[in-house]
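*Asks:* If you scroll down you'll find the structure; I have some questions about it.
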Amino acid sequence: MDTEKRIAKDLLDIQAVFLRPNEPFTWASGIKSPIYCDNRLTLSNVRVRREVEAALAEIIREHYPECEAVMGTSTAGIAHAALVAEILGLPMGYVRSSAKDHGRTNQIEGKCDPGCKVVVVEDLISTAGSCLDVVQVLKEAGAEVLGIASIFTYGMKKGLDRLAAAQVKNVSASNLDVLVDVAAEIGYIQSSDRQRLLQFRDNPSDESWMQKK
């Protein structure tokens with residue numbers, strides 16, 4: 001089993017990802033979603049945690065071989081960045097969602113010298129807004145951001161468009177296309193639900209995916 005499928009199955013096995021096309025979740029925005037993802041749960045399962053961190057480390061070795069430091073997103077990416085940095089023997093830091101209002105008012109925690117070649121570690125990419133904010137903070141500090149290594153991506157058009165516009169590369173350990181295929185193979189969802197899930201991914205605001213074909 002290749003890495004993308006193995007990670008997808010891991011996420012389903014530990015219920016880090018739920019697929020409920022017939023009983024959708026409701027996002028804060030009011031959008032109905034057939035998928036819910038909480039990759040923080042990967043930290044609580046030793047076997048899955050090891051596989052996830054090994055996959056992220058391999059992404060950095062293969063796609064960002066010049067990486068000099070790993071930077072996590074706050075807060076979900078911090079633990080993963082620390083574990084991956086340990087595997088790779090690299091410095092690690094993280095970027096706060098906003099600067100502290102006391103002390104040195106840092107937004108970047110850890111050393112990040114101008115010109116340092118960094119990779120951002122993120123747990124989940126949907127519309128890519130939060131990780132691109134982190135990239136911008138690092139660039140403004142003078143870092144050379146090589147790209148993003150993430151555990152899972154929905155592959156939403158909005159996210160892909162944002163990454164492309166910002167000219168930021170992302171490589172994920174797994175993605176929604178692979179996950180729904182694995183879910184159908186193991187009987188977690190019906191094969192007929194696959195297209196509905198991908199239809200949601202392509203346009204979350206269009207609720208026509210909720211209608212069974």
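Going by the structure tokens order, chains are called A, B, ..., each with residues numbered from 1, while ligands are numbered from 1 in the order shown.
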So which bits of region 38-109 of chain A end up helix (DSSP H, G or I) when you DSSP the backbone, as a VMD selection string?

*Replies:* chain A and resid 39 to 44 46 to 63 76 to 88

*Asks:* Just asking: which residues within region 144-199 of chain A are strand (DSSP E or B) according to DSSP, as a VMD selection string?

*Replies:* chain A and resid 144 to 153 170 to 175

*Asks:* Now that the selection is made, can you save its residues with C-alpha atoms as a PDB file, in the first residue's frame?

*Replies:*
ATOM      1  CA  GLU A 144      12.972  31.879   2.168  1.00  0.00           C
ATOM      2  CA  VAL A 145       9.863  29.701   2.297  1.00  0.00           C
ATOM      3  CA  LEU A 146      10.433  26.619   0.150  1.00  0.00           C
ATOM      4  CA  GLY A 147       6.861  25.411   0.556  1.00  0.00           C
ATOM      5  CA  ILE A 148       4.404  23.548   2.759  1.00  0.00           C
ATOM      6  CA  ALA A 149       4.304  19.928   3.926  1.00  0.00           C
ATOM      7  CA  SER A 150       0.845  18.938   5.154  1.00  0.00           C
ATOM      8  CA  ILE A 151      -0.831  15.806   6.433  1.00  0.00           C
ATOM      9  CA  PHE A 152      -4.072  16.103   4.467  1.00  0.00           C
ATOM     10  CA  THR A 153      -5.665  18.347   1.871  1.00  0.00           C
ATOM     11  CA  ASN A 170       2.203  22.304  -1.027  1.00  0.00           C
ATOM     12  CA  VAL A 171       2.785  18.566  -0.828  1.00  0.00           C
ATOM     13  CA  SER A 172       0.371  16.524   1.287  1.00  0.00           C
ATOM     14  CA  ALA A 173       0.800  13.049   2.722  1.00  0.00           C
ATOM     15  CA  SER A 174      -2.757  12.239   1.613  1.00  0.00           C
ATOM     16  CA  ASN A 175      -5.821  13.881   0.104  1.00  0.00           C
TER      17      ASN A 175
END

*Asks:* Which one is closest to Val120 (chain A): A:Leu160, A:Leu19, A:Ile7, A:Ile60? Count only C-alpha atoms.

*Replies:*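 Checking each of A:Leu160, A:Leu19, A:Ile7, A:Ile60 against Val120 (chain A), counting only C-alpha atoms, the winner is A:Ile60.
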
*Asks:* Could you check the closest approach to Ala79 (chain A) for each of A:Met156, A:Ala8, A:Val119, A:Leu43 and tell me which residue wins, using only C-alpha atoms?

*Replies:*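 Among A:Met156, A:Ala8, A:Val119, A:Leu43, it is A:Leu43 that comes nearest to Ala79 (chain A).
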
*Asks:* Which is closest to Asp38 (chain A) among A:Gly142, A:Gly187, A:Gly129, A:Gly77, if we use only C-alpha atoms?

*Replies:*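 Going through A:Gly142, A:Gly187, A:Gly129, A:Gly77 one by one, the smallest distance to Asp38 (chain A) is for A:Gly77.
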
*Asks:* Mind pulling up the distance from CA of Ala57 (chain A) to CA of Val84 (chain A)?

*Replies:*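 Interatomic distance, CA of Val84 (chain A) to CA of Ala57 (chain A): 5.6 Å.
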
*Asks:* Please provide as an MDAnalysis selection string all residues within 12 Å of Asp161 (chain A), with the sequence filter that same-chain residues fewer than 4 positions apart are discarded (counting only C-alpha atoms).

*Replies:* chainID A and resid 126:129 132 155:157 165:170

*Asks:* Would you mind listing what lies within 10 Å of Ala16 (chain A) as a ChimeraX atom specification, with only C-alpha atoms counted and same-chain residues fewer than 5 positions away left out?

*Replies:* /A:8,10-11,36-42
